[in-house]
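Undergrad: Got a structure for you, written out below as structure tokens; questions coming shortly.
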Number of protein chains: 2
Amino acid sequence: MKNRLYLILIALALAAAGSVAAEEGMWTFDNPPFKHLKDKYNFTPTQEWLDHIRLSSVRFNDGGSGSFVSPNGLVITNHHVAFGQLQKVSTAQKDYVKDGFYARTQADELKAPDLELNVLVSMENVTARVQGAVKPGMTNKQGLDARKAEEAKIQKESLDKTGLRSDVVALYQGGEYWLYRYKKYTDVRIVFAPEQQTAFFGGDPDNFTYPRYDIDFAVLRAYENGRPVQSKDYLKWNSKGADEGDLVFVSGHPGSTERGLTTAQLEVDRDVLYPVRLSRYKREIQALRAYAARGPEQARQSAEEIFGLENTVKALTGEYNGLLDKALFDKKRKEESDLRAKVDANPQLRRDYGDAWDRIALATKKQSDLFKPQQFRSISTASKLASMARQIVVYAAEVKKPDGERLNGYHDSQLDELKFYLLSPAPIYPEYEEALLTFSLQDSLDQLGANDPFIKTVLNGRTPAQVASEVIKGTKLADPAVRKMLVEGGETAVNASTDPLIVLARKVDPFFREIRKQYEDTVESVITPASEKIAKARFAIYGKSVYPDATFTLRLSYGVVRGYPMNGTKAPPKTTFYGLYDRSASFDDKPPFNLMPKFVERKNRIDMSTPLDFVATADIIGGNSGSPVTDRNGEFVGIIFDGNIESLTGNFVYIEDSNRAVAVESPAIIEVLRKVYDADSVANELEGK
Amino acid sequence: MKNRLYLILIALALAAAGSVAAEEGMWTFDNPPFKHLKDKYNFTPTQEWLDHIRLSSVRFNDGGSGSFVSPNGLVITNHHVAFGQLQKVSTAQKDYVKDGFYARTQADELKAPDLELNVLVSMENVTARVQGAVKPGMTNKQGLDARKAEEAKIQKESLDKTGLRSDVVALYQGGEYWLYRYKKYTDVRIVFAPEQQTAFFGGDPDNFTYPRYDIDFAVLRAYENGRPVQSKDYLKWNSKGADEGDLVFVSGHPGSTERGLTTAQLEVDRDVLYPVRLSRYKREIQALRAYAARGPEQARQSAEEIFGLENTVKALTGEYNGLLDKALFDKKRKEESDLRAKVDANPQLRRDYGDAWDRIALATKKQSDLFKPQQFRSISTASKLASMARQIVVYAAEVKKPDGERLNGYHDSQLDELKFYLLSPAPIYPEYEEALLTFSLQDSLDQLGANDPFIKTVLNGRTPAQVASEVIKGTKLADPAVRKMLVEGGETAVNASTDPLIVLARKVDPFFREIRKQYEDTVESVITPASEKIAKARFAIYGKSVYPDATFTLRLSYGVVRGYPMNGTKAPPKTTFYGLYDRSASFDDKPPFNLMPKFVERKNRIDMSTPLDFVATADIIGGNSGSPVTDRNGEFVGIIFDGNIESLTGNFVYIEDSNRAVAVESPAIIEVLRKVYDADSVANELEGK
């Protein structure tokens with residue numbers, strides 16, 4: 001009898017395991033999915049566990065995630081997250097992107113020129129304050145302004161009180177507001193990076209796909225007061241990695257998702273935003289490739305930008321295909337009509353929230369009209385110098401206003417970060433800047449036509465190339481000291497400047513402000529309160545068993561290591577080094593499938609069956625790059641570096657069967673550090689040896 | 001100046017190579033695509049080249065292709081084509097399917113029990129005779145009968161004259177008729193086969209997909225008069241294989257395609273034939289799996305049938321998805337409406353052929369109605385014994401009629417093959433036969449209902465299991481000598497037989513004949529002349545720059561070795577042994593991704609970068625399995641064993657971008673013969689050493 005019952009229990013357990021769905025959600029640390037974890041995995045994270053994971057997690061402010069992995073401030077992230085800094089410390093003579101980098105001693109570690117890391121140290125719900133700032137009788141615009149002023153005030157108060165970076169974050173499309181405080185690190189040094197070809201093996205074709213064979217990691221070290229940070233919270237390294245079926249967690253900073261948008265907003269995505277953006281990025285890639293073709297140094301200068309844009313185009317293409325997919329759109333429509341039916345069925349909810357969807361739909365018409373001018377009436381969409389010039393001009397005008405009335409990005413609490421960027425010592429390449437500005441002016445001309453007032457103002461009868469040549473050759477802004485003088489000199493200095501790029505930025509500033517004003521008056525001031533209503537309706541109906549859209553703030557995702565149905569067969573839960581050599585040989589070692597010489601020379605030292613990359617059902621999106629993957633014990637088993645092609649529609653909807661996060665598995669990192677790069681010092685520190 | 005011109009020429013050549021489209025068509029050897037080959041590849045096959053390829057090619061009459069690859073009668077095909085014969089020579093004690101087989105000397109070669117190989121030795125156009133048999137004033141049914149009688153007559157005359165197997169083949173849906181004469185071999189012996197797991201690594205999941213890591217080949221030897229055939233025409237072995245971009249040829253026997261069907265016929269496919277067939281096969285697989293679960297010997301007995309049905313279900317599912325794809329159907333509709341517009345624009349063509357499409361559409365209604373009774377009013381859809389019983393009963397009735405009036409399959413020229421099958425000494429497993437008959441009777445009951453007259457006649461109040469048990473336990477037909485007596489005894493013996501399976505077959509014979517008659521009267525007699533009209537319209541408009549649908553007769557396809565866009569990235573032109581070991585390790589060596597022990601033991605002997613499988617743009621379909629792939633010189637560079645998942649819609653339309661044939665590359669075969677199996681005698685004979 002006992003045996004029989006035992007068998008039944010096993011059968012039930014197996015049946016349950018078989019029916020487990022993949023796991024949706026990028027959860028805030030104040031509201032983790034306790035019930036799911038308990039029901040499905042009999043796992044209940046303690047507060048201590050949650051705090052430890054949170055405090056070990058790191059945000060890369062230029063876009064990406066990472067984690068502390070040693071008590072001496074070692075931070076691991078993706079190579080492609082560190083790419084920008086690697087490029088900035090490289091020169092024509094020494095290309096660390098191409099050749100990789102290894103600091104054998106701490107003294108050899110290279111300072112990243114303008115990298116800010118953030119650790120989320122506290123979270124405070126400020127919904128009542130922000131929403132309460134909007135008083136009865138206010139117009140939409142007044143409400144929007146009041147909300148923004150209150151957010152600025154909260155941030156300023158917190159900064160003054162704690163000295164910590166303080167951001168008010170809107171979650172659930174404004175259903176909640178939270179004050180997030182960050183410990184920040186701005187002295188970050190590069191410890192180890194493989195060659196980009198090793199990190200990005202397979203290049204653009206393999207990007208956002210799986211099976212995959214990339215070793216996409218880089219190791220940095222955070223310093224404070226000139227000394228390595230003693231990081232109390234860091235993830236212990238698990239040298240074995242993860243097995244198929246294991247429960248794993250991802251703690252990182254997903255950039256943005258649009259799952260909470262209304263179908264009217266998704267239609268604008270589909271019909272206006274995505275097509276316009278995609279075609280623009282493709283033209284920009286063409287221009288950059290033309291620049292790269294001028295020579296090896298030009299290719300080096302433009303490499304990261306080309307990588308980034310190709311990455312963006314591939315991601316947006318996948319998302320756009322999702323928007324064009326009738327089944328996906330039908331699913332979104334059904335979700336929305338279900339919610340609206342529930343709202344309409346309840347007189348109170350109907351009165352309070354029932355009109356929100358139609359209000360948003362109306363505002364999206366205006367949003368569509370404004371999108372092209374927003375995109376193309378700008379000088380700063382490609383050139384970094386032009387972007388800095390524009391920000392200096394805006395800064396000078398904003399900073400003299402009361403804090404609560406300024407544009408976002410220019411509040412007192414945000415000025416440190418702004419200045420860190422504007423005064424960065426990272427190299428600037430005038431030839432490259434001129435090419436970029438030429439392209440963006442030409443593109444604005446092509447898109448807006450010669451009679452557009454912005455075009456007339458900027459070109460004034462000359463060609464884009466003439467204008468770009470004149471202002472880039474004439475400007476002194478490439479020198480951080482010149483930028484510093486202007487920033488410190490404020491409006492007087494900026495208005496008096498005869499620097500041609502500043503002059504140009506002053507000329508176009510009214511266009512920017514006019515479009516911004518129209519957007520606030522007719523779009524943002526309508527959508528913000530309407531979105532808040534929809535969020536409140538969702539809370540009223542579904543409770544807080546939901547997670548907010550991604551906002552480049554810290555989130556916890558979870559899932560299991562598991563393959564998926566792919567193109568008629570099964571994608572495996574992991575890949576091995578055998579696969580790396582197969583894919584290279586399958587293409588006769590042609591780029592982007594070529595192996596670096598070290599991998600050819602040291603082939604026989606590598607244990608080919610070592611796990612390389614793996615997939616898990618955890619719900620992630622761009623920005624999660626570099627996120628640690630941990631096991632139940634909070635130990636580091638891998639590092640997220642991508643999603644599969646099927647995950648790209650994750651911007652709008654999570655599809656259980658096939659959405660997968662792609663990670664480098666911890667043993668692969670140790671294997672190459674020790675056997676390919678002779679970087680035992682790094683491997684030892686990671687493994688705590 | 002010379003250098004400059006040279007560079008321009010190279011640039012033009014590269015541009016041309018880049019724009020080459022993938023290659024469509026399964027061409028008959030009387031009408032190869034000379035123009036395409038000349039224009040695209042500057043290659044003109046000589047008549048000698050064509051004859052050599054044709055005479056080296058072999059048809060496996062139980063479904064599949066192969067080729068002579070040594071002057072001493074060595075024939076290579078796929079393991080999965082030889083599977084049935086391997087199973088038939090295996091026993092509970094010695095399972096050559098599971099363990100593989102290697103005859104170290106000719107004396108050790110194992111005779112295949114019932115395998116007939118055919119070589120196409122001549123082709124003669126008999127269109128005028130067959131079409132001319134239909135006289136003005138004949139009804140549709142009279143026309144159909146006249147046609148069939150003429151075909152039988154041509155076959156009989158040819159057989160009597162030449163002694164060669166002689167088949168009249170309808171090409172272009174009856175637009176042409178050809179008399180194909182075959183040299184046949186019925187003494188075929190097994191020389192070498194790897195383990196099925198090696199040939200079918202990845203199992204059902206990987207079937208019809210790529211990248212792939214299968215070593216799907218088997219080596220046989222044809223004998224005549226007890227001695228190895230001295231095969232003058234055989235393909236010389238190319239030990240290097242093929243490179244990316246190489247022009248290659250496939251000579252084999254594609255089973256059937258439906259590219260020439262009207263959209264009305266495709267709608268019947270989509271709405272009736274495919275759904276009914278697919279669900280039936282899935283139920284049959286369930287039944288077979290239940291049988292296999294009874295024990296290892298039952299699993300062995302049913303292995304090939306399960307493999308075959310799973311293979312069929314995966315193929316049909318891919319084809320069915322194509323039919324459900326609006327884009328594919330729209331393409332077919334457009335092709336049809338273009339052709340009909342051209343016909344309607346010409347008064348003569350319109351008068352002669354304009355009504356054909358509507359006639360077919362009308363007949364398809366009747367076809368749909370008849371389909372279920374055709375499928376399920378039968379005892380012989382699963383059990384081999386029941387199938388033989390039915391054929392013996394039909395044979396006895398048909399053979400006494402004049403040759404021209406018999407059912408197809410029972411003409412004088414076809415009796416040798418029929419008897420070869422009916423009198424096969426291959427083992428029959430009564431328990432297995434009973435399970436199969438129980439399933440098929442139960443399935444007919446479920447599909448037709450208890451009140452169907454067929455069901456009432458067959459079951460007569462008992463259960464399917466009772467009937468199956470009674471007739472299978474009672475029958476003596478498992479003994480070939482008993483079948484021989486009945487066949488030789490003709491109608492007298494059959495009518496007098498009290499063998500319960502023969503009694504049952506006699507009882508159901510009227511149902512079969514009634515449905516057959518209805519089908520001929522209302523479907524076949526309408527569709528045959530209408531299809532001929534459409535074929536003639538096509539010839540009138542497009543000339544003979546077209547190829548006929550596949551008919552399990554010899555065809556020449558061509559293409560280049562080339563990867564393709566796949567699931568967001570690129571599929572490589574080939575795979576390597578690294579990939580085999582990766583895929584196994586990626587799934588922790590779990591079935592169906594487990595390596596055979598020899599591959600684990602001898603891992604270090606294998607050159608991992610040896611090409612394993614490759615893909616080419618050549619247009620193939622089921623039946624091409626085992627086809628040789630040759631280079632321009634007619635040398636053997638690989639063996640077709642599959643198509644990719646994207647090729648499954650090839651039943652209806654060839655899609656240039658992604659349709660690929662999948663082949664084992666010649667060096668992989670030598671690598672495993674020498675390094676894994678110590679089968680140097682086979683490798684030496686293949687390589688001519």
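Labels for the structure tokens follow display order: chains A, B, ..., residues from 1 in each chain, ligands from 1.
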Which chain A residues have any atom within 8 Å of an atom of chain B, and for each, what is the nearest pair of atoms with distance in Å to one decimal, counting only C-alpha atoms, rows sorted by chain and number, as JSON lines?
TA:
{"residue": "A:Pro205", "atom": "CA", "partner": "B:Thr569", "partner_atom": "CA", "distance": 4.6}
{"residue": "A:Asp206", "atom": "CA", "partner": "B:Thr569", "partner_atom": "CA", "distance": 5.2}
{"residue": "A:Asn207", "atom": "CA", "partner": "B:Thr569", "partner_atom": "CA", "distance": 7.7}
{"residue": "A:Phe208", "atom": "CA", "partner": "B:Gly568", "partner_atom": "CA", "distance": 7.6}
{"residue": "A:Thr209", "atom": "CA", "partner": "B:Gly568", "partner_atom": "CA", "distance": 6.3}
{"residue": "A:Asn567", "atom": "CA", "partner": "B:Asn567", "partner_atom": "CA", "distance": 6.7}
{"residue": "A:Gly568", "atom": "CA", "partner": "B:Ile645", "partner_atom": "CA", "distance": 6.1}
{"residue": "A:Thr569", "atom": "CA", "partner": "B:Pro205", "partner_atom": "CA", "distance": 4.6}
{"residue": "A:Lys570", "atom": "CA", "partner": "B:Pro205", "partner_atom": "CA", "distance": 6.3}
{"residue": "A:Pro572", "atom": "CA", "partner": "B:Ser586", "partner_atom": "CA", "distance": 5.7}
{"residue": "A:Pro573", "atom": "CA", "partner": "B:Ser586", "partner_atom": "CA", "distance": 6.7}
{"residue": "A:Lys574", "atom": "CA", "partner": "B:Ser586", "partner_atom": "CA", "distance": 5.2}
{"residue": "A:Thr575", "atom": "CA", "partner": "B:Ser586", "partner_atom": "CA", "distance": 5.0}
{"residue": "A:Thr576", "atom": "CA", "partner": "B:Asp582", "partner_atom": "CA", "distance": 5.8}
{"residue": "A:Phe577", "atom": "CA", "partner": "B:Asp582", "partner_atom": "CA", "distance": 7.3}
{"residue": "A:Tyr578", "atom": "CA", "partner": "B:Asp582", "partner_atom": "CA", "distance": 4.8}
{"residue": "A:Gly579", "atom": "CA", "partner": "B:Asp582", "partner_atom": "CA", "distance": 4.9}
{"residue": "A:Tyr581", "atom": "CA", "partner": "B:Tyr578", "partner_atom": "CA", "distance": 6.4}
{"residue": "A:Asp582", "atom": "CA", "partner": "B:Tyr578", "partner_atom": "CA", "distance": 4.8}
{"residue": "A:Arg583", "atom": "CA", "partner": "B:Gly579", "partner_atom": "CA", "distance": 7.5}
{"residue": "A:Ala585", "atom": "CA", "partner": "B:Ser609", "partner_atom": "CA", "distance": 6.3}
{"residue": "A:Ser586", "atom": "CA", "partner": "B:Thr575", "partner_atom": "CA", "distance": 5.0}
{"residue": "A:Phe587", "atom": "CA", "partner": "B:Pro572", "partner_atom": "CA", "distance": 5.9}
{"residue": "A:Ser609", "atom": "CA", "partner": "B:Ala585", "partner_atom": "CA", "distance": 6.3}
{"residue": "A:Pro611", "atom": "CA", "partner": "B:Ser586", "partner_atom": "CA", "distance": 7.8}
{"residue": "A:Ile645", "atom": "CA", "partner": "B:Gly568", "partner_atom": "CA", "distance": 6.1}
Undergrad: Within segment 228-402 of chain B, find each residue whose DSSP state, derived from the backbone, is helix (DSSP H, G or I), and express the selection as a PyMOL selection string.
TA: chain B and resi 263-292+296-324+326-344+347-353+356-376+384-398
Undergrad: Just how far from atom CA of Ile379 of chain B is atom CA of Asn451 of chain B, in Å to one decimal?
TA: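 Separating atom CA of Asn451 of chain B from atom CA of Ile379 of chain B is a distance of 16.7 Å.
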Undergrad: List every residue of segment 510-620 of chain A that DSSP, applied to the backbone of this structure, places in strand (DSSP E), and write the result as a ChimeraX atom specification.
TA: /A:555-560,564-566,569-571,574-576,611-616
Undergrad: Go through A:Val676, A:Ala92, A:Ala382, A:Gly252 one by one, measure the shortest atom-to-atom distance of each to Leu309 of chain A using only C-alpha atoms, and give the residue with the smallest value.
TA: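 Looking at the shortest contact to Leu309 of chain A, the residue is A:Ala382.
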Undergrad: Within 8 Å of segment 669-673 of chain B, counting only C-alpha atoms, which residues qualify if same-chain residues fewer than 5 places away don't, as number ranges by chain?
TA: B: 215, 217, 239, 606-607, 610, 664, 678-680, 682-683
Undergrad: Write a file of the just-selected residues containing all heavy atoms, as a short mmCIF file (atom, residue, chain, number, x, y, z; two decimals), in the first residue's frame.
TA:
data_model
loop_
_atom_site.label_atom_id
_atom_site.label_comp_id
_atom_site.auth_asym_id
_atom_site.auth_seq_id
_atom_site.Cartn_x
_atom_site.Cartn_y
_atom_site.Cartn_z
N ILE B 215 24.46 10.16 -39.92
CA ILE B 215 25.32 9.42 -40.85
C ILE B 215 24.44 8.33 -41.44
O ILE B 215 24.59 7.15 -41.16
CB ILE B 215 26.57 8.90 -40.10
CG1 ILE B 215 27.19 10.04 -39.27
CG2 ILE B 215 27.60 8.38 -41.10
CD1 ILE B 215 28.29 9.59 -38.32
N PHE B 217 23.44 6.16 -43.93
CA PHE B 217 23.77 5.41 -45.15
C PHE B 217 23.82 3.92 -44.83
O PHE B 217 23.94 3.52 -43.66
CB PHE B 217 25.12 5.86 -45.74
CG PHE B 217 26.31 5.29 -45.02
CD1 PHE B 217 27.03 4.22 -45.56
CD2 PHE B 217 26.70 5.80 -43.79
CE1 PHE B 217 28.13 3.68 -44.88
CE2 PHE B 217 27.80 5.26 -43.11
CZ PHE B 217 28.51 4.19 -43.65
N SER B 239 36.45 11.63 -52.56
CA SER B 239 36.73 11.57 -51.12
C SER B 239 36.75 12.94 -50.46
O SER B 239 36.77 13.03 -49.23
CB SER B 239 38.07 10.89 -50.88
OG SER B 239 38.00 9.54 -51.29
N ILE B 606 38.68 10.42 -34.34
CA ILE B 606 37.95 11.13 -35.40
C ILE B 606 38.51 12.54 -35.61
O ILE B 606 38.78 13.25 -34.65
CB ILE B 606 36.45 11.24 -35.01
CG1 ILE B 606 35.83 9.84 -34.95
CG2 ILE B 606 35.69 12.14 -35.97
CD1 ILE B 606 34.43 9.81 -34.40
N ASP B 607 38.68 12.90 -36.87
CA ASP B 607 39.00 14.30 -37.18
C ASP B 607 37.69 15.07 -37.10
O ASP B 607 36.83 14.98 -37.97
CB ASP B 607 39.59 14.42 -38.58
CG ASP B 607 39.84 15.88 -38.96
OD1 ASP B 607 39.38 16.79 -38.22
OD2 ASP B 607 40.48 16.11 -40.00
N THR B 610 35.92 17.09 -39.89
CA THR B 610 35.45 16.43 -41.12
C THR B 610 34.00 16.85 -41.40
O THR B 610 33.17 16.82 -40.50
CB THR B 610 35.50 14.89 -40.94
OG1 THR B 610 36.80 14.51 -40.54
CG2 THR B 610 35.10 14.18 -42.23
N VAL B 664 24.34 13.49 -46.45
CA VAL B 664 25.58 13.11 -45.77
C VAL B 664 26.72 13.33 -46.76
O VAL B 664 26.59 12.97 -47.93
CB VAL B 664 25.58 11.62 -45.35
CG1 VAL B 664 26.82 11.29 -44.51
CG2 VAL B 664 24.31 11.25 -44.60
N ASP B 678 36.05 0.17 -38.21
CA ASP B 678 37.11 -0.70 -38.75
C ASP B 678 36.64 -1.43 -40.00
O ASP B 678 36.99 -2.60 -40.22
CB ASP B 678 37.56 -1.73 -37.69
CG ASP B 678 38.18 -1.05 -36.48
OD1 ASP B 678 38.77 0.04 -36.65
OD2 ASP B 678 38.06 -1.60 -35.37
N ALA B 679 35.83 -0.76 -40.80
CA ALA B 679 35.28 -1.40 -42.01
C ALA B 679 36.07 -0.95 -43.23
O ALA B 679 35.52 -0.41 -44.20
CB ALA B 679 33.79 -1.07 -42.14
N ASP B 680 37.35 -1.15 -43.17
CA ASP B 680 38.22 -0.67 -44.26
C ASP B 680 37.92 -1.34 -45.59
O ASP B 680 38.12 -0.75 -46.64
CB ASP B 680 39.69 -0.87 -43.87
CG ASP B 680 40.13 0.11 -42.80
OD1 ASP B 680 40.13 1.33 -43.09
OD2 ASP B 680 40.42 -0.31 -41.68
N VAL B 682 35.10 -1.98 -46.87
CA VAL B 682 34.03 -1.21 -47.54
C VAL B 682 34.58 0.14 -48.00
O VAL B 682 34.37 0.56 -49.14
CB VAL B 682 32.82 -1.00 -46.59
CG1 VAL B 682 31.72 -0.24 -47.32
CG2 VAL B 682 32.30 -2.32 -46.06
N ALA B 683 35.32 0.80 -47.11
CA ALA B 683 35.89 2.11 -47.46
C ALA B 683 36.81 1.98 -48.68
O ALA B 683 36.77 2.81 -49.61
CB ALA B 683 36.64 2.69 -46.28
#
Undergrad: Need to verify the contact set: Arg181 of chain B, 7 Å, only C-alpha atoms, exclusion of same-chain residues closer than 3 positions in sequence. Can you return it as number ranges by chain?
TA: B: 120-123, 164-167
Undergrad: Can I get the selection written as a short mmCIF file (atom, residue, chain, number, x, y, z; two decimals), in the first residue's frame, with N, CA and C atoms?
TA:
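Final file, part36.cif:
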data_model
loop_
_atom_site.label_atom_id
_atom_site.label_comp_id
_atom_site.auth_asym_id
_atom_site.auth_seq_id
_atom_site.Cartn_x
_atom_site.Cartn_y
_atom_site.Cartn_z
N LEU B 120 16.73 2.36 -64.58
CA LEU B 120 15.99 2.82 -65.77
C LEU B 120 16.89 2.73 -67.00
N VAL B 121 16.60 1.75 -67.88
CA VAL B 121 17.50 1.52 -69.01
C VAL B 121 16.99 2.14 -70.31
N SER B 122 15.68 2.40 -70.40
CA SER B 122 15.22 3.13 -71.60
C SER B 122 13.93 3.88 -71.34
N MET B 123 13.69 4.91 -72.14
CA MET B 123 12.50 5.77 -72.01
C MET B 123 11.93 5.99 -73.40
N LEU B 164 12.14 -6.93 -69.97
CA LEU B 164 12.42 -5.93 -68.92
C LEU B 164 11.13 -5.48 -68.24
N ARG B 165 11.22 -5.15 -67.00
CA ARG B 165 10.09 -4.54 -66.32
C ARG B 165 9.70 -3.29 -67.11
N SER B 166 8.41 -3.14 -67.43
CA SER B 166 7.97 -2.06 -68.33
C SER B 166 6.78 -1.34 -67.71
N ASP B 167 6.96 -0.05 -67.41
CA ASP B 167 5.90 0.74 -66.77
C ASP B 167 5.53 1.92 -67.67
#
Undergrad: For Val169 of chain B, find every residue with an atom within 10 Å (counting only C-alpha atoms), except residues of its own chain fewer than 5 positions away, and show them as a PyMOL selection string.
TA: chain B and resi 123+125-127+151+174+176-180+551-553
Undergrad: Keeping N, CA and C atoms, export the residues of the selection given above as a JSON list (two decimals), in the first residue's frame.
TA:
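The new file result.json reads:
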[["chain", "number", "residue", "atom", "x", "y", "z"],
["B", 123, "MET", "N", 13.69, 4.91, -72.14],
["B", 123, "MET", "CA", 12.50, 5.77, -72.01],
["B", 123, "MET", "C", 11.93, 5.99, -73.40],
["B", 125, "ASN", "N", 8.58, 7.76, -75.53],
["B", 125, "ASN", "CA", 7.37, 8.59, -75.45],
["B", 125, "ASN", "C", 6.20, 7.87, -76.11],
["B", 126, "VAL", "N", 5.16, 7.54, -75.34],
["B", 126, "VAL", "CA", 4.00, 6.82, -75.89],
["B", 126, "VAL", "C", 2.73, 7.65, -75.72],
["B", 127, "THR", "N", 2.91, 8.96, -75.66],
["B", 127, "THR", "CA", 1.77, 9.87, -75.44],
["B", 127, "THR", "C", 0.70, 9.68, -76.52],
["B", 151, "GLU", "N", -2.54, 1.41, -71.91],
["B", 151, "GLU", "CA", -1.34, 1.39, -71.07],
["B", 151, "GLU", "C", -0.93, -0.06, -70.77],
["B", 174, "GLY", "N", -0.79, 13.69, -67.01],
["B", 174, "GLY", "CA", -1.37, 13.10, -68.21],
["B", 174, "GLY", "C", -1.07, 13.88, -69.48],
["B", 176, "GLU", "N", 1.79, 13.93, -70.82],
["B", 176, "GLU", "CA", 2.65, 13.01, -71.56],
["B", 176, "GLU", "C", 2.57, 11.63, -70.91],
["B", 177, "TYR", "N", 2.77, 10.63, -71.74],
["B", 177, "TYR", "CA", 2.89, 9.25, -71.23],
["B", 177, "TYR", "C", 4.19, 8.68, -71.76],
["B", 178, "TRP", "N", 4.93, 8.01, -70.88],
["B", 178, "TRP", "CA", 6.22, 7.42, -71.27],
["B", 178, "TRP", "C", 6.28, 5.97, -70.84],
["B", 179, "LEU", "N", 6.89, 5.18, -71.71],
["B", 179, "LEU", "CA", 7.19, 3.79, -71.36],
["B", 179, "LEU", "C", 8.61, 3.74, -70.79],
["B", 180, "TYR", "N", 8.69, 3.41, -69.49],
["B", 180, "TYR", "CA", 10.00, 3.29, -68.84],
["B", 180, "TYR", "C", 10.31, 1.81, -68.68],
["B", 551, "THR", "N", 6.73, 11.37, -59.70],
["B", 551, "THR", "CA", 5.92, 10.17, -59.90],
["B", 551, "THR", "C", 6.68, 8.91, -59.51],
["B", 552, "PHE", "N", 7.63, 9.04, -58.59],
["B", 552, "PHE", "CA", 8.51, 7.93, -58.20],
["B", 552, "PHE", "C", 9.23, 7.34, -59.42],
["B", 553, "THR", "N", 9.55, 8.22, -60.37],
["B", 553, "THR", "CA", 10.40, 7.83, -61.49],
["B", 553, "THR", "C", 11.66, 8.68, -61.46]]
Undergrad: Do you have the atom CA of Asn408 of chain A-atom CA of Ser158 of chain A distance handy?
TA: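 Taking atom CA of Asn408 of chain A as the start and atom CA of Ser158 of chain A as the end point, the length is 16.8 Å.
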Undergrad: Find the spatial neighbours of segment 133-147 of chain B, counting only C-alpha atoms, within a cut-off of 8 Å - ignore same-chain residues fewer than 5 positions away - and output them as JSON, numbers by chain.
TA: {"B": [405, 520, 521, 524, 525, 526, 528, 529]}
Undergrad: Residues of the last selection are to be written out with N, CA, C and O atoms, as an mmCIF file, in the first residue's frame.
TA:
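This is the output file result21.cif:
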data_model
loop_
_atom_site.group_PDB
_atom_site.id
_atom_site.type_symbol
_atom_site.label_atom_id
_atom_site.label_comp_id
_atom_site.auth_asym_id
_atom_site.auth_seq_id
_atom_site.Cartn_x
_atom_site.Cartn_y
_atom_site.Cartn_z
ATOM 1 N N GLU B 405 -8.510 -5.010 -68.896
ATOM 2 C CA GLU B 405 -9.664 -4.670 -68.056
ATOM 3 C C GLU B 405 -9.376 -4.781 -66.566
ATOM 4 O O GLU B 405 -10.245 -4.494 -65.748
ATOM 5 N N GLU B 520 -13.968 5.830 -59.823
ATOM 6 C CA GLU B 520 -13.640 5.890 -61.258
ATOM 7 C C GLU B 520 -14.718 6.639 -62.033
ATOM 8 O O GLU B 520 -14.427 7.496 -62.863
ATOM 9 N N ASP B 521 -15.971 6.315 -61.750
ATOM 10 C CA ASP B 521 -17.083 6.898 -62.511
ATOM 11 C C ASP B 521 -17.187 8.410 -62.308
ATOM 12 O O ASP B 521 -17.475 9.148 -63.258
ATOM 13 N N GLU B 524 -12.159 9.998 -61.088
ATOM 14 C CA GLU B 524 -11.005 9.746 -61.943
ATOM 15 C C GLU B 524 -11.323 9.995 -63.421
ATOM 16 O O GLU B 524 -10.512 10.574 -64.148
ATOM 17 N N SER B 525 -12.527 9.550 -63.845
ATOM 18 C CA SER B 525 -12.857 9.696 -65.272
ATOM 19 C C SER B 525 -13.073 11.167 -65.651
ATOM 20 O O SER B 525 -13.000 11.509 -66.822
ATOM 21 N N VAL B 526 -13.338 12.010 -64.683
ATOM 22 C CA VAL B 526 -13.466 13.449 -64.958
ATOM 23 C C VAL B 526 -12.098 14.128 -64.862
ATOM 24 O O VAL B 526 -11.697 14.912 -65.731
ATOM 25 N N THR B 528 -9.008 12.900 -64.967
ATOM 26 C CA THR B 528 -7.951 12.503 -65.898
ATOM 27 C C THR B 528 -7.981 13.317 -67.204
ATOM 28 O O THR B 528 -6.971 13.937 -67.565
ATOM 29 N N PRO B 529 -9.115 13.373 -67.934
ATOM 30 C CA PRO B 529 -9.088 14.174 -69.169
ATOM 31 C C PRO B 529 -8.954 15.680 -68.911
ATOM 32 O O PRO B 529 -8.322 16.379 -69.707
#
